[in-house]
Structure formats: structure tokens, C-alpha cells
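I have placed the structure first, in the form of C-alpha cells, so that the comments after it can refer back to it.
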Amino acid sequence: MHPTTSAADTAPKTYAWEIQATGLKVRAGRKKMAVDGLDLSLGMGAHGLLGPNGAGKTTLIRSLATVLRPAEGELELCGRSVTGLGDLRALRRRIGYLPQEFGYYKRFTVREFVEYMAWLKEVPKADIPAAVQRAVERVGLADRADHRMKTLSGGMVRRAGIAQAIVNDPVLLLLDEPTAGLDPAQRLRFRELLQELGRDACVVVSTHLVEDVAAACSDVVLFAEGRLVFQGTPDVLAAAGGSEYPGDSPLERGYSALLQGTEQLRGTW
Amino acid sequence: MSEEHASTRLIGGYARGDLTMAADTVWALEAHLETCALCRGRLAAAVTTEAPGIAALLDTVHAGLGPQLDAAVQAPARRWRPSWASAWLTPVRAPWLAMTLSVTLLALLLGAAAPPMLFGTASLMVLIAPVLPLCAVAASWSRGLDPAHELTASTARAGLPLLLRRTTSVLAVVLPALLVEGWLTGAMTAAQWLLPSLAFTSTTLALGSVVGVTRAATALVALWGAVIAAPAWDTGRVPLALQPDQLPLWGLLLALGTGIVIARRNAYSLPRNHR
């Protein structure tokens with residue numbers, strides 16, 4: 001038997017926020033500044049990242065996943081600055097990341113895929129089989145674990161993606177459009193999982209679906225044109241919108257009210 | 001673990017669920033049981049003798065579960081890809097290695113079949129051997145060729161450790177093939193091409209920390225082709241750069257490349273260097 005807790009689990013936290021950005025600017029491509037002067041502090045819990053298309057959500061998530069380096073400003077993840085040119089290994093072990101569109105090896109089975117990702121994330125070798133089985137069960141793919149990735153449906157591939165993101169029990173979990181391709185029943189199950197994960201990790205979920213945020217997130221971050229528009233609970237967001245704003249639910253009306261005046265809402269759509 | 005074990009009396013009391021046991025005793029006993037297989041075995045034996053009620057309950061549960069477990073469909077345990085292989089090679093790399101090996105084979109066949117005056121003393125193999133590993137190295141760290149690149153880029157192993165692993169696996173396949181071929185043709189000594197090809201690999205990695213590994217490899221292959229291979233092909237002589245007295249220079253290049261790779265080891269985790 002090996003102990004189920006390690007020194008790292010019981011060590012005191014030496015930072016106030018899992019994610020702390022000050023004046024953060026991140027480039028998408030050569031010219032466009034997709035995140036443009038963002039100040040944001042996020043702690044434990046499930047945070048819904050809402051915003052219109054092209055608001056810079058994906059760029060923000062990618063920079064939080066340490067895939068993109070900030071152009072300006074300061075970004076601290078789990079108390080460690082990622083702006084310099086330092087060794088990110090220890091930090092990356094604690095990150096789980098599901099990209100919006102992720103490639104995978106079609107010939108791998110679900111188990112092999114999640115195992116490979118666990119290996120890449122430096123999960124201790126002895127823990128990998130158990131961690132993989134647990135992650136696969138949590139997303140409800142246990143019966144498909146030994147099927148090849150190319151035989152899975154779109155929703156199942158996405159769930160396999162969620163499984164690889166949570167396989168290392170991340171402190172910082174970044175999910176970019178995780179509900180795309182999930183059917184309604186799976187979405188409900190995913191919201192439960194999200195609430196569960198939000199209890200002991202900082203989960204950032206980027207989404208277009210306001211109702212996902214209302215149901216599963218403790219906190220809403222509204223983001224437009226690379227800047228923070230609103231941060232607060234779903235209730236406060238709902239209270240911001242009156243009946244004069246477009247939308248079918250209080251949350252949607254609050255979303256429209258807060259985004260009024262930004263470019264995207266005045267567009268053709 | 002420890003040489004001391006729990007007494008039979010303690011284990012018996014624990015198995016019976018003895019409520020008079022002090023809480024700290026139970027705690028210490030459980031902590032010991034977690035780490036001691038011997039005492040867990042004794043506890044299992046104690047349950048059957050000291051607490052027949054629990055043993056009977058367990059048997060009932062077993063009897064109930066047995067048929068269900070038998071009915072469950074066993075997943076086919078298909079492990080046709082050993083897990084160590086994916087640690088050294090991404091699955092998409094196999095075609096690149098195959099290509100590199102077939103180029104080696106082709107060079108051998110051409111060298112054997114073509115009349116000597118076509119190549120003179122510079123066999124085709126001599127000209128391609130130094131840059132051959134670069135093709136496969138380039139493919140090992142590229143955004144365009146690896147579908148799971150976005151996932152890989154954010155993991156702890158991304159960066160120099162993974163790049164070195166993949167480069168090593170390329171060299172482990174390509175160099176023996178070149179060695180066998182050099183021995184078969186007898187055109188030149190191993191040191192003559194081995195050192196240049198290692199030097200090129202390390203220079204690619206060093207340059208790769210600035211412009212990206214794939215770009216660095218492409219540039220170096222082009223440079224080699226234009227400056228050394230093409231003139232040598234023309235004149236039919238072993239190029240000056242591959243003459244034995246140039247070996248110290250290649251050694252210097254290898255050392256320089258390795259030094260830069262070590263100095264810039266953290267730069268490889270930046271995804272802009274994955275192109």
C-alpha cells in the first residue's frame with residue numbers, strides 16, 4: 001500500500017489566488033492583441049468564462065494553460081509567475097487543459113490516450129492505471145475504455161478529452177468549450193462533474209451557453225474585446241438585466257445588458 | 001515496514017468491533033494495518049474466527065455478486081502497442097522513420113548499381129548521411145505533423161526532455177542503419193560521417209530554440225545541399241568538409257550546439273519553437 005496523500009497535498013498554500021492576472025496582454029497571431037489589459041483574480045471553484053465570439057476567450061485559456069506566453073503584464077498561476085523564461089514543469093503538472101479542438105491519435109484506445117497524457121503530465125508511474133480508470137469512469141466512458149478513438153462519436157471524444165484533462169487531479173483545470181457536441185443528458189452529467197471538480201480545484205470553463213454557467217458555476221466572468229466586463233455570481237448577472245434587454249432568461253438579459261455598447265453586440269448578428 | 005506487529009488480542013478485538021478499545025489504539029492499529037500485509041492477513045483470519053456474523057455477511061455478498069460479475073462482459077485486453085513505444089515515439093512518427101530508412105536503403109542501392117564515374121569517390125551515402133537524421137528529428141517536434149500537439153504543449157514533459165527523447169529514438173534507428181551501410185560500402189570510416197551527423201543534429205536543436213526545430217532542420221538541410229553536397233556531386237570528390245582532417249571542426253560544432261541547447265533548455269517549452 002502506498003499512502004493516498006502526499007506531502008504536496010497537505011502543504012500550506014502560499015498564494016491567495018490560483019489565477020492572478022494584472023494588466024495581462026496576450027497576442028493572437030502577430031498583430032492582434034486578443035487579451036488586452038486584463039485584471040482578474042480567480043480562486044477555488046467553477047468559473048464560467050462567457051463572452052461573444054472573438055472576445056479572446058480561447059487566447060486567454062491558452063495563456064492560462066501556459067501554451068501562449070503573455071506579451072505584457074503579469075500572470076501568476078498557483079503563485080508562480082509565467083511571464084519569465086523559467087522552468088514550468090512543476091506548474092504544468094498541476095494543470096489540466098482541454099483545448100477547443102484537440103487532436104488525438106486515432107489508433108489509440110481511450111485508455112491508451114489517457115495513459116499517454118498521464119505520462120506526459122508526469123503522473124507517478126505506479127499511479128497511472130488507477131488514475132486513468134478513475135478519470136475514464138468519471139466521464140462515463142468505462143465501457144468504451146478499450147475502444148479505439150476513431151470509433152467514438154463526437155460527444156465521446158470530447159468526454160475522453162475531459163478525462164485526459166482531469167487525469168492528473170489538476171489544481172488548475174481549463175476547459176475550452178467542453179459542452180460542444182454533448183447531448184442534453186450528457187450536459188447535465190457534465191454540470192454535476194463540474195460542481196464536483198470545483199470543490200477542490202480552480203476550474204475555468206469557457207462557453208457560449210449561459211445556462212451551463214447558471215447551473216454549474218459559482219462565479220461568472222464576462223469577457224469582451226479582451227477586457228473584463230463583469231465578474232460576480234450568476235445571481236448578480238441575472239439582476240443586471242431588465243425586461244428591456246434581449247434574451248429568454250434573466251441570465252441572458254443580464255448578459256445582453258452588460259455587453260451593451262461593446263462592438264460585438266452591435267454587429268450584424 | 002516495522003518489525004513490531006499488533007498482538008493477536010488487539011487484532012481479535014478489532015475484528016469483533018470491540019467498543020471498549022481506546023480510540024488512539026484503534027487509530028494506531030489501523031495505521032499499522034495500512035502498511036503491514038502480514039497483519040492484514042492475520043486480521044482476515046481473525047474475522048472468520050472471532051466474528052462469524054461478519055464472515056457470513058461477506059459470504060452472502062460474495063454469493064450475490066458472483067453471478068453478476070460472471071455475466072459482465074470482459075473487455076478485450078488488447079495491448080498491441082507497448083506503452084514504452086509511445087514514450088519514445090509519437091505514433092505519427094513511424095512514417096517519417098520509415099522514409100528515412102528507405103532513403104538510406106536507396107542510397108545504398110544507387111551506390112551499388114551506379115557506375116563509379118557518376119559519383120566518383122564521393123558516394124551518395126557520404127553526401128546524405130550527415131543530414132539524414134535531421135528529417136526525422138524535424139518531424140518529432142512540429143505543430144503541423146503532430147495532431148495532439150496542442151495537448152502535448154501544455155504538459156510537464158513538453159520541452160527539452162521530450163524533444164531529446166524523440167531525437168534519441170530517431171538516432172537510435174537511423175545511425176545503426178547508416179553504420180551498416182557504411183560498413184557494406186566501405187566508402188568511408190564511421191567517424192567521418194558520424195561526427196558531422198551528430199554535429200548537425202545538435203546544431204538543429206540549438207537553432208531550434210530560436211526559430212523552431214522544423215525550420216532549423218529545413219534550413220540546415222538546404223544549406224548542406226547547396227554549399228557542400230551539390231558542388232561535391234559536380235566534381236565527384238569527397239567534399240573538403242568531410243575530409244578526416246576536418247574532424248576537429250565538426251567536434252567543435254557538436255560541442256557548441258550541445259552547449260547552446262543546455263544554456264537555452266527552458267526555451268523549448270515555448271510553443272513558438274514547435275514549428
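Ordering of the C-alpha cells sets the chain letters (A, B, ...); residue numbers start at 1 within each chain; ligands are numbered from 1 in the order shown.
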**OP:** Identify all chain A residues at most 9 Å from chain B by counting only C-alpha atoms; ligands do not count. Present them as a PyMOL selection string.
**Re:** chain A and resi 1-3+62+65-69+85-99+101-105+107-108+112+115-117+119-122+143-146
Residues within 10 Å of Leu242 in chain B, only C-alpha atoms, excluding chain neighbours under 3 positions, as a CSV table (one decimal) with C-alpha atoms, in the first residue's frame:
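Full text of selection_20.csv as output:
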chain,number,residue,atom,x,y,z
B,122,ALA,CA,32.0,10.6,-53.2
B,126,VAL,CA,28.6,10.1,-47.9
B,127,LEU,CA,26.7,13.1,-49.1
B,130,PRO,CA,25.3,13.8,-42.2
B,188,MET,CA,34.4,5.9,-45.6
B,191,ALA,CA,33.8,8.7,-37.7
B,192,GLN,CA,33.9,10.7,-40.9
B,193,TRP,CA,30.1,10.9,-41.2
B,195,LEU,CA,30.6,13.2,-36.2
B,196,PRO,CA,29.1,15.5,-38.8
B,228,ILE,CA,28.6,21.1,-49.8
B,238,VAL,CA,34.6,13.7,-51.3
B,239,PRO,CA,33.9,17.2,-50.1
B,245,ASP,CA,41.5,16.4,-41.1
B,246,GLN,CA,38.3,18.5,-40.7
B,247,LEU,CA,37.0,16.3,-37.8
B,250,TRP,CA,32.9,19.0,-36.5
**OP:** For Leu182 in chain A, list every protein, DNA or RNA residue within 10 Å, evaluated using only C-alpha atoms, and leave out those in the same chain fewer than 3 positions away; present the list as a count of residues only.
**Re:** 15
Subject >> 10 Å contact set for Ala130 in chain A, only C-alpha atoms, chain neighbours under 5 positions out, as a ChimeraX atom specification >> reply: /A:135-136,167
Write a file of the just-selected residues containing N, CA and C atoms, as a PDB file, in the first residue's frame.
ATOM      1  N   ALA A 135     -10.444   8.524 -14.040  1.00  0.00           N
ATOM      2  CA  ALA A 135     -10.808   9.617 -14.947  1.00  0.00           C
ATOM      3  C   ALA A 135     -11.812   9.137 -15.985  1.00  0.00           C
ATOM      4  N   VAL A 136     -11.581   7.932 -16.516  1.00  0.00           N
ATOM      5  CA  VAL A 136     -12.467   7.395 -17.551  1.00  0.00           C
ATOM      6  C   VAL A 136     -13.850   7.115 -16.966  1.00  0.00           C
ATOM      7  N   VAL A 167      -7.037  13.740 -15.440  1.00  0.00           N
ATOM      8  CA  VAL A 167      -6.341  12.521 -15.009  1.00  0.00           C
ATOM      9  C   VAL A 167      -5.257  12.806 -13.976  1.00  0.00           C
TER      10      VAL A 167
END
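Coordinates place CA of Phe230 in chain A at a distance of 15.0 Å from CA of Val35 in chain A.
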